[in-house]
file coords04.txt (compact mmCIF, C-alpha atoms)
# COMPACT_ATOMS: atom_id res chain seq x y z
CA MET A 932 144.87 67.71 11.64
CA LYS A 933 148.33 66.48 12.58
CA LEU A 934 150.78 66.22 9.71
CA THR A 935 152.91 63.16 10.38
CA ILE A 936 156.00 62.68 8.21
CA PRO A 937 157.84 59.59 9.40
CA SER A 938 161.58 59.31 8.89
CA ILE A 939 161.72 56.66 6.18
CA SER A 940 163.89 55.90 3.18
CA ILE A 941 164.04 58.36 0.33
CA LEU A 942 162.69 55.74 -2.06
CA SER A 943 159.54 55.01 -0.07
CA LEU A 944 159.07 58.70 0.84
CA LEU A 945 159.37 60.04 -2.68
CA ALA A 946 158.61 57.31 -5.16
CA GLN A 947 155.13 58.70 -5.79
CA ALA A 948 156.16 62.35 -5.61
CA ASN A 949 155.90 64.60 -8.62
CA ALA A 950 158.15 67.60 -8.09
CA PHE A 951 156.07 69.65 -10.49
CA SER A 952 152.36 68.83 -10.16
CA SER A 953 150.06 71.65 -9.15
CA SER A 954 147.84 71.38 -6.09
CA PRO A 955 144.38 69.94 -6.75
CA ALA A 956 142.99 71.80 -3.76
CA PHE A 957 144.12 75.29 -4.71
CA VAL A 958 141.66 78.05 -3.91
CA PRO A 959 142.23 81.15 -6.09
CA SER A 960 143.73 83.89 -3.99
CA LYS A 961 142.45 87.43 -3.91
CA VAL A 962 144.81 90.29 -4.61
CA ALA A 963 146.44 91.28 -1.34
CA SER A 964 144.98 94.34 0.33
CA ASP A 965 146.58 93.86 3.74
CA SER A 966 146.97 96.99 5.87
CA SER A 967 150.69 96.35 6.18
CA THR A 968 151.01 96.14 2.41
CA THR A 969 149.02 99.35 2.05
CA LEU A 970 151.32 101.05 4.54
CA TYR A 971 154.41 100.19 2.55
CA ALA A 972 152.75 101.19 -0.72
CA SER A 973 152.02 104.59 0.83
CA ARG A 974 155.57 104.96 2.07
CA ASN A 975 156.91 104.04 -1.34
CA LYS A 976 154.72 106.66 -3.02
CA LYS A 977 156.01 109.29 -0.60
CA LYS A 978 159.56 108.24 -1.38
CA ILE A 979 158.92 108.54 -5.12
CA ILE A 980 157.45 112.04 -4.70
CA SER A 981 160.36 113.09 -2.51
CA ARG A 982 162.92 111.89 -5.07
CA ALA A 983 161.08 113.58 -7.91
CA LYS A 984 161.00 116.91 -6.03
CA TRP A 985 164.70 116.60 -5.18
CA ALA A 986 165.52 115.97 -8.84
CA GLN A 987 163.38 118.87 -10.05
CA SER A 988 164.96 121.28 -7.55
CA ARG A 989 168.32 120.50 -9.11
CA GLY A 990 167.17 120.81 -12.69
CA MET A 991 167.45 117.09 -13.40
CA THR A 992 165.39 115.29 -16.02
CA SER A 993 162.21 113.37 -15.34
CA GLY A 994 164.17 110.13 -15.84
CA VAL A 995 165.25 110.33 -12.21
CA ALA A 996 161.63 110.29 -11.06
CA GLU A 997 160.84 107.45 -13.47
CA GLU A 998 163.73 105.45 -12.05
CA ALA A 999 162.52 106.10 -8.51
CA ALA A 1000 159.04 104.93 -9.47
CA SER A 1001 160.45 101.59 -10.64
CA VAL A 1002 161.31 100.52 -7.08
CA GLY A 1003 158.92 99.24 -4.41
CA LEU A 1004 155.40 97.83 -4.42
CA MET A 1005 154.01 97.32 -7.93
CA THR A 1006 150.93 95.77 -9.53
CA ASN A 1007 151.03 93.65 -12.68
CA ASP A 1008 148.52 93.86 -15.54
CA HIS A 1009 146.28 91.29 -13.83
CA GLY A 1010 146.19 93.06 -10.45
CA LEU A 1011 148.74 90.91 -8.62
CA GLU A 1012 151.08 92.82 -6.32
CA TYR A 1013 154.82 92.37 -6.30
CA VAL A 1014 157.86 94.14 -4.86
CA LYS A 1015 160.65 95.32 -7.16
CA LEU A 1016 164.13 95.63 -5.71
CA VAL A 1017 166.89 97.55 -7.47
CA ASN A 1018 170.60 97.77 -6.72
CA GLY A 1019 172.69 99.40 -9.45
CA ASP A 1020 172.50 97.19 -12.52
CA SER A 1021 170.62 94.43 -10.66
CA SER A 1022 166.90 94.00 -10.01
CA ALA A 1023 164.53 91.42 -8.54
CA ASP A 1024 160.74 90.91 -8.48
CA ILE A 1025 159.00 89.18 -5.57
CA TYR A 1026 155.27 88.41 -5.78
CA LEU A 1027 153.13 88.49 -2.64
CA LEU A 1028 151.12 85.53 -4.00
CA GLY A 1029 153.23 82.59 -2.88
CA GLY A 1030 156.09 84.83 -1.72
CA VAL A 1031 157.82 83.86 -4.95
CA VAL A 1032 160.84 85.54 -6.54
CA THR A 1033 160.05 85.66 -10.26
CA SER A 1034 163.01 87.66 -11.58
CA TYR A 1035 166.68 88.26 -10.85
CA VAL A 1036 168.49 90.37 -13.43
CA LYS A 1037 172.18 91.26 -13.26
CA ASP A 1038 174.17 92.91 -16.05
CA ALA A 1039 171.09 92.61 -18.31
CA VAL A 1040 170.96 88.80 -17.88
CA GLU A 1041 167.80 87.19 -16.43
CA TYR A 1042 168.59 84.19 -14.23
CA ILE A 1043 165.13 83.16 -12.95
CA ALA A 1044 162.54 81.58 -15.25
CA VAL A 1045 158.76 81.77 -15.31
CA ARG A 1046 157.10 79.27 -17.61
CA PRO A 1047 155.20 80.56 -20.67
CA ASP A 1048 152.07 78.74 -19.44
CA ALA A 1049 152.23 80.38 -15.99
CA LYS A 1050 149.10 82.09 -14.70
CA MET A 1051 149.92 85.57 -13.39
CA ASP A 1052 146.36 86.46 -12.37
CA GLY A 1053 146.08 84.62 -9.04
CA SER A 1054 143.99 81.76 -10.42
CA LYS A 1055 146.69 79.22 -9.49
CA PRO A 1056 150.21 79.19 -8.04
CA ILE A 1057 152.80 80.85 -10.29
CA SER A 1058 154.60 78.21 -12.38
CA GLY A 1059 158.15 79.44 -12.08
CA GLY A 1060 160.48 81.49 -9.91
CA LEU A 1061 161.71 80.41 -6.50
CA SER A 1062 158.47 78.72 -5.49
CA HIS A 1063 157.85 77.66 -1.87
CA CYS A 1064 156.91 74.07 -1.08
CA TRP A 1065 155.94 74.14 2.61
CA PRO A 1066 155.11 72.50 4.99
CA GLN A 1067 155.13 69.49 2.66
CA PHE A 1068 157.11 68.61 -0.44
CA GLY A 1069 155.30 66.44 -2.98
CA PRO A 1070 152.23 64.39 -2.01
CA GLY A 1071 151.30 63.47 1.54
CA GLU A 1072 148.65 64.03 4.18
CA ILE A 1073 147.83 67.54 2.95
CA GLN A 1074 147.70 68.98 -0.57
CA GLN A 1075 150.58 68.62 -3.04
CA HIS A 1076 153.54 70.79 -2.00
CA GLY A 1077 151.67 72.28 0.96
CA PHE A 1078 150.05 75.71 0.97
CA ALA A 1079 152.78 78.38 1.14
CA ARG A 1080 152.77 78.91 -2.64
CA ASN A 1081 148.96 79.24 -2.75
CA VAL A 1082 148.43 82.20 -0.42
CA ASN A 1083 149.36 85.84 -0.15
CA TRP A 1084 152.34 86.70 2.05
CA THR A 1085 152.50 90.06 3.83
CA VAL A 1086 155.23 92.69 3.50
CA THR A 1087 156.59 93.49 6.98
CA SER A 1088 159.61 95.59 6.02
CA GLN A 1089 161.08 96.92 2.80
CA THR A 1090 163.91 99.01 1.38
CA ASP A 1091 165.02 99.55 -2.20
CA THR A 1092 167.27 96.46 -1.96
CA SER A 1093 165.52 94.18 0.53
CA VAL A 1094 162.09 92.92 1.52
CA VAL A 1095 160.77 90.71 4.32
CA LEU A 1096 157.59 88.70 3.70
CA GLN A 1097 155.57 86.97 6.41
CA LEU A 1098 153.18 84.02 6.36
CA LEU A 1099 150.90 83.29 9.35
CA PRO A 1100 148.11 80.72 9.89
CA SER A 1101 144.71 81.46 8.37
CA ASP A 1102 141.38 79.67 8.20
CA TYR A 1103 142.54 78.24 4.85
CA THR A 1104 145.79 76.80 6.26
CA LYS A 1105 144.20 75.60 9.52
CA GLU A 1106 141.69 73.49 7.61
CA MET A 1107 144.55 71.26 6.47
CA TRP A 1108 147.33 71.92 9.02
CA ASP A 1109 146.23 73.17 12.43
CA LYS A 1110 149.58 74.45 13.69
CA ASP A 1111 150.65 77.81 15.11
CA PHE A 1112 153.63 78.99 13.06
CA GLU A 1113 155.33 82.01 11.57
CA CYS A 1114 157.27 81.90 8.32
CA THR A 1115 159.34 84.78 7.06
CA PHE A 1116 161.15 85.01 3.75
CA THR A 1117 163.80 87.68 3.33
CA VAL A 1118 165.14 88.62 -0.09
CA THR A 1119 168.18 90.91 -0.33
CA LEU A 1120 169.65 92.22 -3.57
CA GLU A 1121 173.36 92.62 -2.92
CA ASP A 1122 175.93 94.00 -5.36
CA ASP A 1123 177.03 90.58 -6.61
CA GLN A 1124 174.29 88.15 -5.56
CA LEU A 1125 170.65 87.60 -4.57
CA VAL A 1126 170.38 86.37 -0.99
CA THR A 1127 167.34 84.58 0.49
CA LYS A 1128 166.55 83.48 4.04
CA MET A 1129 163.60 81.28 5.01
CA ASN A 1130 162.70 81.26 8.72
CA VAL A 1131 160.18 78.86 10.25
CA ASP A 1132 159.18 79.49 13.87
CA ASN A 1133 157.08 77.12 15.98
CA LYS A 1134 154.72 79.42 17.93
CA GLN A 1135 152.91 76.64 19.78
CA GLU A 1136 152.98 76.52 23.57
CA SER A 1137 154.21 72.97 23.97
CA GLU A 1138 153.70 70.86 20.83
CA SER A 1139 156.34 70.19 18.22
CA PHE A 1140 155.46 69.84 14.54
CA ASP A 1141 157.06 68.18 11.53
CA PHE A 1142 157.56 69.73 8.10
CA GLN A 1143 159.46 69.50 4.84
CA ALA A 1144 160.60 72.49 2.80
CA ALA A 1145 161.83 73.29 -0.69
CA LEU A 1146 162.48 76.16 -3.04
CA HIS A 1147 161.14 74.78 -6.33
CA SER A 1148 163.55 77.00 -8.27
CA TYR A 1149 163.27 77.61 -12.02
CA PHE A 1150 166.37 78.96 -13.76
CA THR A 1151 166.75 80.27 -17.31
CA VAL A 1152 168.96 78.54 -19.84
CA SER A 1153 169.77 79.64 -23.40
CA SER A 1154 169.14 76.03 -24.49
CA LEU A 1155 169.44 72.69 -22.74
CA GLU A 1156 172.19 71.69 -25.17
CA ASN A 1157 174.27 74.57 -23.76
CA LEU A 1158 173.73 73.61 -20.12
CA GLY A 1159 175.97 71.65 -17.76
CA ILE A 1160 175.22 71.36 -14.04
CA SER A 1161 178.29 70.80 -11.87
CA GLY A 1162 178.69 70.20 -8.15
CA SER A 1163 179.35 67.24 -5.85
CA PHE A 1164 177.10 64.89 -7.84
CA LYS A 1165 179.60 62.22 -8.87
CA GLY A 1166 179.39 59.08 -6.77
CA LYS A 1167 176.16 60.15 -5.04
CA GLU A 1168 173.02 58.01 -4.99
CA PHE A 1169 169.90 59.58 -6.40
CA LEU A 1170 166.26 58.66 -6.82
CA ASN A 1171 165.34 58.55 -10.50
CA LYS A 1172 161.57 58.99 -10.43
CA MET A 1173 161.30 58.47 -14.19
CA VAL A 1174 162.10 54.74 -13.85
CA GLY A 1175 159.16 52.61 -12.78
CA GLU A 1176 157.93 53.61 -9.33
CA GLY A 1177 161.30 55.21 -8.63
CA GLU A 1178 164.73 53.62 -8.69
CA MET A 1179 167.87 54.39 -6.69
CA GLN A 1180 170.87 54.91 -8.98
CA THR A 1181 174.44 56.17 -8.65
CA GLU A 1182 175.60 59.29 -10.48
CA GLU A 1183 178.75 58.64 -12.51
CA ARG A 1184 179.13 62.07 -14.10
CA GLU A 1185 181.01 65.14 -12.90
CA THR A 1186 178.69 67.40 -14.89
CA ILE A 1187 174.99 66.73 -15.45
CA THR A 1188 173.52 67.27 -18.92
CA ILE A 1189 169.84 66.93 -19.78
CA SER A 1190 168.63 65.19 -22.94
CA GLU A 1191 165.51 63.46 -21.59
CA GLU A 1192 162.75 64.10 -19.07
CA TYR A 1193 164.27 64.59 -15.62
CA ASP A 1194 162.96 64.15 -12.09
CA ARG A 1195 165.90 63.21 -9.88
CA VAL A 1196 166.47 63.60 -6.16
CA TYR A 1197 170.08 63.94 -4.98
CA LYS A 1198 170.28 63.66 -1.20
CA GLY A 1199 173.33 65.24 0.37
CA VAL A 1200 174.11 67.44 -2.66
CA ASN A 1201 173.58 71.17 -2.09
CA ASP A 1202 176.26 72.91 -4.18
CA PRO A 1203 174.92 72.95 -7.77
CA VAL A 1204 176.33 75.33 -10.38
CA LEU A 1205 174.56 76.02 -13.69
CA ASN A 1206 177.03 76.55 -16.54
CA ASP A 1207 175.49 78.04 -19.71
CA SER A 1208 177.85 78.17 -22.70
CA GLY A 1209 175.19 80.04 -24.68
CA THR A 1210 175.32 83.08 -22.41
CA GLY A 1211 178.87 82.60 -21.18
CA LYS A 1212 177.55 82.76 -17.61
CA LYS A 1213 177.37 80.46 -14.64
CA LEU A 1214 175.04 80.62 -11.65
CA SER A 1215 176.10 79.18 -8.31
CA VAL A 1216 173.27 78.08 -6.02
CA VAL A 1217 174.91 78.65 -2.63
CA ASN A 1218 173.06 76.75 0.11
CA THR A 1219 174.68 77.57 3.45
CA ALA A 1220 172.04 76.46 5.98
CA GLY A 1221 168.98 74.24 6.07
CA TRP A 1222 168.85 73.22 2.40
CA GLU A 1223 170.65 69.86 2.30
CA ASP A 1224 169.43 68.22 -0.92
CA THR A 1225 168.91 69.00 -4.61
CA VAL A 1226 166.19 68.05 -7.08
CA LEU A 1227 166.76 68.32 -10.84
CA TRP A 1228 163.57 68.53 -12.89
CA ASN A 1229 162.77 69.25 -16.53
CA PRO A 1230 159.71 68.24 -18.62
CA TYR A 1231 161.88 67.47 -21.66
CA GLY A 1232 159.95 67.76 -24.93
CA ASP A 1233 157.01 69.76 -23.53
CA GLU A 1234 156.91 72.84 -25.75
CA GLY A 1235 153.93 74.32 -23.90
CA MET A 1236 155.99 74.50 -20.72
CA GLY A 1237 158.99 75.94 -22.59
CA TYR A 1238 161.19 73.00 -21.55
CA ASN A 1239 164.23 74.07 -23.58
CA ASN A 1240 164.70 77.39 -21.80
CA PHE A 1241 164.59 76.44 -18.14
CA VAL A 1242 165.70 73.86 -15.63
CA CYS A 1243 164.54 73.35 -12.06
CA VAL A 1244 167.46 73.03 -9.64
CA GLU A 1245 165.67 72.90 -6.33
CA SER A 1246 167.01 73.58 -2.84
CA VAL A 1247 165.33 71.02 -0.60
CA LYS A 1248 165.10 69.67 2.95
CA PHE A 1249 163.70 66.16 2.44
CA ASP A 1250 164.19 64.55 5.81
CA PRO A 1251 161.37 65.82 8.01
CA VAL A 1252 162.30 68.57 10.43
CA THR A 1253 160.84 68.12 13.92
CA LEU A 1254 160.59 71.64 15.30
CA GLU A 1255 160.05 71.93 19.01
CA ALA A 1256 157.77 74.57 20.52
CA GLY A 1257 159.55 77.92 20.50
CA ALA A 1258 162.28 76.72 18.15
CA SER A 1259 163.27 78.00 14.70
CA TRP A 1260 164.59 76.55 11.46
CA VAL A 1261 166.53 78.56 8.87
CA GLY A 1262 167.17 77.92 5.18
CA ASP A 1263 169.82 80.17 3.59
CA MET A 1264 170.27 80.23 -0.17
CA ALA A 1265 172.03 82.74 -2.43
CA LEU A 1266 172.29 83.02 -6.21
CA LYS A 1267 175.72 84.18 -7.35
CA PRO A 1268 176.28 84.83 -11.09
CA SER A 1269 179.70 84.97 -12.70
CA ASP A 1270 181.41 84.49 -16.07
CA LEU A 1271 182.36 81.02 -17.29
call {"tool": "encode", "arguments": {"input": "coords04.txt", "output": "structure tokens"}}
result
Amino acid sequence: MKLTIPSISILSLLAQANAFSSSPAFVPSKVASDSSTTLYASRNKKKIISRAKWAQSRGMTSGVAEEAASVGLMTNDHGLEYVKLVNGDSSADIYLLGGVVTSYVKDAVEYIAVRPDAKMDGSKPISGGLSHCWPQFGPGEIQQHGFARNVNWTVTSQTDTSVVLQLLPSDYTKEMWDKDFECTFTVTLEDDQLVTKMNVDNKQESESFDFQAALHSYFTVSSLENLGISGSFKGKEFLNKMVGEGEMQTEERETITISEEYDRVYKGVNDPVLNDSGTGKKLSVVNTAGWEDTVLWNPYGDEGMGYNNFVCVESVKFDPVTLEAGASWVGDMALKPSDL
């Protein structure tokens, strides 16, 4: 089926969109057992054994081996596989289901949120982290938010500080979107930031295809009353989807605060900074390629979702990308923590 996303106004494109709703057509995903994943698991085990032997030969404690074992391919209590990256005092977790980053810790501070009602057993997409919405954002001709968050990605390369995940067409994806593509998502844990790169390649012989993309990113906050979101918001038009069927408004504030339910689309804003007076930290969302727009979302008042301890500040490409055969699209986003 051809996914057609016409270039229309933001109001008509998004008025019915719900930036949060889960896909009604989700098929529970099995735990990944891909040969490539198995290969990297085996390599990681060999690395752990090698480090442990090196430590023992020098009379070091078993803590060195335990530390080595905390890097690489892991399995959670429900059988879902994820990759743990470590770089000094920083760490990150990336789940193969959905290719989603669920944790970024630096200096003992967690910056990425996973909702308390999230399912971590593969029965539905993970509610939290840097969640992929591709090749569609919101509702449309295929299921809500596309399929990238619903399926297992494959590890193609891995070090202690970086991992590359790959998504290719499958029978499941072809049933709703019969296109030949390759997506890769690279996560690199640098000394002072977490760097991500999303690549979309059109592998078709002659046909172009259209898509939208977003990182539906959940970030931790000590409390919403302590949060201010700065950036180039003032004077920009935004779609407030909480008013009627959606209403275009103009932002008058330099710093955004949240004291009600939020679902707002800011086109042309891609430099948000989360300032948390409760932790004394700020987190800059540095979008340097591809991601042109920002969505702010919070289910204010919903205790079950843990509304008071997270905010979604999403890196988005709303206007449809028409990707010609053989061409590529790149979305670069980094998370850079610092003190207030």
call {"tool": "residues_around", "arguments": {"input": "coords04.txt", "residues": "region 1043-1047 of chain A", "least_positions_apart": "6", "cutoff": "8 Å", "atoms": "only C-alpha atoms", "output": "list in words"}}
result
Thr1033, Ser1034, Tyr1035, Val1036, Ile1057, Ser1058, Gly1059, Gly1060, Leu1061, Ser1148, Tyr1149, Phe1150, Thr1151, Gly1235, Met1236, Gly1237 and Phe1241 of chain A
call {"tool": "closest_residue", "arguments": {"input": "coords04.txt", "among": "A:Ser1215, A:Asp1024, A:Pro1251, A:Ala1144", "to": "Phe1078 (chain A)", "atoms": "all atoms listed in the file"}}
result
A:Ala1144
call {"tool": "closest_residue", "arguments": {"input": "coords04.txt", "among": "A:Gly1071, A:Gly1053, A:Pro1268, A:Pro1100", "to": "Leu1214 (chain A)", "atoms": "only C-alpha atoms"}}
result
A:Pro1268
call {"tool": "closest_residue", "arguments": {"input": "coords04.txt", "among": "A:Leu1098, A:Asn1201, A:Val1040, A:Phe1249", "to": "Asp1270 (chain A)", "atoms": "all atoms listed in the file"}}
result
A:Val1040
call {"tool": "residues_around", "arguments": {"input": "coords04.txt", "residues": "Asn1171 (chain A)", "least_positions_apart": "2", "cutoff": "10 Å", "atoms": "all atoms listed in the file", "output": "list in words"}}
result
Leu942, Leu945, Ala946, Glu1168, Phe1169, Met1173, Val1174, Gly1175, Glu1176, Gly1177, Glu1178, Met1179, Gln1180, Thr1181, Tyr1193, Asp1194, Arg1195, Val1196, Tyr1197 and Leu1227 of chain A
call {"tool": "atom_distance", "arguments": {"input": "coords04.txt", "atom1": "CA of Val1247 (chain A)", "atom2": "CA of Ser1054 (chain A)"}}
result
25.8 Å
call {"tool": "residues_around", "arguments": {"input": "coords04.txt", "residues": "Asp1020 (chain A)", "least_positions_apart": "3", "cutoff": "9 Å", "atoms": "only C-alpha atoms", "output": "list in words"}}
result
Val1017, Val1036, Lys1037, Asp1038, Ala1039 and Asp1122 of chain A
call {"tool": "atom_distance", "arguments": {"input": "coords04.txt", "atom1": "CA of Val1032 (chain A)", "atom2": "CA of Thr1188 (chain A)"}}
result
25.5 Å
call {"tool": "closest_residue", "arguments": {"input": "coords04.txt", "among": "A:Leu1016, A:Leu1125, A:Val1226, A:Leu1028", "to": "Cys1243 (chain A)", "atoms": "only C-alpha atoms"}}
result
A:Val1226
call {"tool": "atom_distance", "arguments": {"input": "coords04.txt", "atom1": "CA of Leu1254 (chain A)", "atom2": "CA of Asn1130 (chain A)"}}
result
11.8 Å
call {"tool": "closest_residue", "arguments": {"input": "coords04.txt", "among": "A:Arg1080, A:Phe1164, A:Glu1223, A:Leu1170", "to": "Glu1182 (chain A)", "atoms": "all atoms listed in the file"}}
result
A:Phe1164
call {"tool": "residues_near_point", "arguments": {"input": "coords04.txt", "point": "(154.1, 69.8, 4.9)", "cutoff": "6 Å", "atoms": "all atoms listed in the file", "output": "VMD selection string"}}
result
chain A and resid 1065 to 1067 1077 1142 to 1143
call {"tool": "axis_aligned_box", "arguments": {"input": "coords04.txt", "around": "region 1227-1245 of chain A", "padding_each_side": "3 Å", "output": "lines of an AutoDock Vina configuration file"}}
result
center_x = 160.7
center_y = 72.4
center_z = -16.0
size_x = 19.5
size_y = 15.9
size_z = 25.4
call {"tool": "decode", "arguments": {"input": "coords04.txt", "residues": "region 1091-1121 of chain A", "atoms": "N, CA and C atoms", "output": "mmCIF file, in the first residue's frame"}}
result
data_model
loop_
_atom_site.group_PDB
_atom_site.id
_atom_site.type_symbol
_atom_site.label_atom_id
_atom_site.label_comp_id
_atom_site.auth_asym_id
_atom_site.auth_seq_id
_atom_site.Cartn_x
_atom_site.Cartn_y
_atom_site.Cartn_z
ATOM 1 N N ASP A 1091 31.742 -0.733 23.796
ATOM 2 C CA ASP A 1091 31.289 -0.395 25.140
ATOM 3 C C ASP A 1091 30.544 0.934 25.186
ATOM 4 N N THR A 1092 30.805 1.831 24.211
ATOM 5 C CA THR A 1092 30.240 3.182 24.256
ATOM 6 C C THR A 1092 29.338 3.504 23.067
ATOM 7 N N SER A 1093 29.121 2.541 22.172
ATOM 8 C CA SER A 1093 28.310 2.844 20.995
ATOM 9 C C SER A 1093 27.631 1.591 20.469
ATOM 10 N N VAL A 1094 26.443 1.778 19.888
ATOM 11 C CA VAL A 1094 25.737 0.666 19.263
ATOM 12 C C VAL A 1094 25.009 1.170 18.026
ATOM 13 N N VAL A 1095 24.957 0.328 17.012
ATOM 14 C CA VAL A 1095 24.198 0.619 15.792
ATOM 15 C C VAL A 1095 23.091 -0.417 15.667
ATOM 16 N N LEU A 1096 21.845 0.052 15.579
ATOM 17 C CA LEU A 1096 20.687 -0.815 15.390
ATOM 18 C C LEU A 1096 20.150 -0.637 13.978
ATOM 19 N N GLN A 1097 19.593 -1.716 13.437
ATOM 20 C CA GLN A 1097 19.088 -1.702 12.060
ATOM 21 C C GLN A 1097 17.650 -2.201 12.025
ATOM 22 N N LEU A 1098 16.844 -1.553 11.173
ATOM 23 C CA LEU A 1098 15.477 -1.989 10.920
ATOM 24 C C LEU A 1098 15.296 -2.159 9.414
ATOM 25 N N LEU A 1099 14.846 -3.361 9.005
ATOM 26 C CA LEU A 1099 14.596 -3.679 7.603
ATOM 27 C C LEU A 1099 13.136 -4.115 7.429
ATOM 28 N N PRO A 1100 12.628 -4.115 6.196
ATOM 29 C CA PRO A 1100 11.242 -4.556 5.974
ATOM 30 C C PRO A 1100 11.043 -6.006 6.408
ATOM 31 N N SER A 1101 9.833 -6.301 6.851
ATOM 32 C CA SER A 1101 9.438 -7.655 7.223
ATOM 33 C C SER A 1101 8.023 -7.878 6.706
ATOM 34 N N ASP A 1102 7.531 -9.109 6.844
ATOM 35 C CA ASP A 1102 6.150 -9.371 6.443
ATOM 36 C C ASP A 1102 5.191 -8.454 7.195
ATOM 37 N N TYR A 1103 5.493 -8.221 8.479
ATOM 38 C CA TYR A 1103 4.640 -7.360 9.316
ATOM 39 C C TYR A 1103 4.593 -5.936 8.778
ATOM 40 N N THR A 1104 5.765 -5.367 8.435
ATOM 41 C CA THR A 1104 5.787 -3.982 7.949
ATOM 42 C C THR A 1104 5.216 -3.885 6.533
ATOM 43 N N LYS A 1105 5.465 -4.903 5.703
ATOM 44 C CA LYS A 1105 5.009 -4.853 4.309
ATOM 45 C C LYS A 1105 3.497 -4.923 4.190
ATOM 46 N N GLU A 1106 2.843 -5.512 5.196
ATOM 47 C CA GLU A 1106 1.388 -5.576 5.169
ATOM 48 C C GLU A 1106 0.763 -4.188 5.197
ATOM 49 N N MET A 1107 1.459 -3.240 5.833
ATOM 50 C CA MET A 1107 0.901 -1.882 5.925
ATOM 51 C C MET A 1107 1.670 -0.852 5.093
ATOM 52 N N TRP A 1108 2.932 -1.152 4.760
ATOM 53 C CA TRP A 1108 3.769 -0.167 4.053
ATOM 54 C C TRP A 1108 4.762 -0.936 3.194
ATOM 55 N N ASP A 1109 4.412 -1.154 1.944
ATOM 56 C CA ASP A 1109 5.194 -2.031 1.066
ATOM 57 C C ASP A 1109 6.310 -1.244 0.380
ATOM 58 N N LYS A 1110 7.302 -0.847 1.171
ATOM 59 C CA LYS A 1110 8.443 -0.098 0.665
ATOM 60 C C LYS A 1110 9.732 -0.814 1.050
ATOM 61 N N ASP A 1111 10.761 -0.630 0.206
ATOM 62 C CA ASP A 1111 12.071 -1.215 0.474
ATOM 63 C C ASP A 1111 12.936 -0.134 1.108
ATOM 64 N N PHE A 1112 13.274 -0.319 2.369
ATOM 65 C CA PHE A 1112 13.990 0.717 3.123
ATOM 66 C C PHE A 1112 15.017 0.074 4.037
ATOM 67 N N GLU A 1113 15.894 0.909 4.549
ATOM 68 C CA GLU A 1113 16.780 0.519 5.649
ATOM 69 C C GLU A 1113 16.858 1.699 6.613
ATOM 70 N N CYS A 1114 16.566 1.423 7.872
ATOM 71 C CA CYS A 1114 16.742 2.420 8.924
ATOM 72 C C CYS A 1114 17.865 1.962 9.846
ATOM 73 N N THR A 1115 18.734 2.874 10.197
ATOM 74 C CA THR A 1115 19.711 2.589 11.241
ATOM 75 C C THR A 1115 19.619 3.673 12.297
ATOM 76 N N PHE A 1116 19.873 3.268 13.526
ATOM 77 C CA PHE A 1116 19.845 4.196 14.657
ATOM 78 C C PHE A 1116 21.119 3.960 15.455
ATOM 79 N N THR A 1117 21.964 4.982 15.490
ATOM 80 C CA THR A 1117 23.249 4.894 16.179
ATOM 81 C C THR A 1117 23.187 5.702 17.467
ATOM 82 N N VAL A 1118 23.593 5.067 18.554
ATOM 83 C CA VAL A 1118 23.632 5.726 19.859
ATOM 84 C C VAL A 1118 25.065 5.682 20.362
ATOM 85 N N THR A 1119 25.623 6.851 20.685
ATOM 86 C CA THR A 1119 27.004 6.945 21.145
ATOM 87 C C THR A 1119 27.048 7.695 22.464
ATOM 88 N N LEU A 1120 27.675 7.068 23.451
ATOM 89 C CA LEU A 1120 27.804 7.652 24.781
ATOM 90 C C LEU A 1120 29.161 8.345 24.863
ATOM 91 N N GLU A 1121 29.149 9.657 24.651
ATOM 92 C CA GLU A 1121 30.384 10.434 24.738
ATOM 93 C C GLU A 1121 30.616 10.897 26.173
#
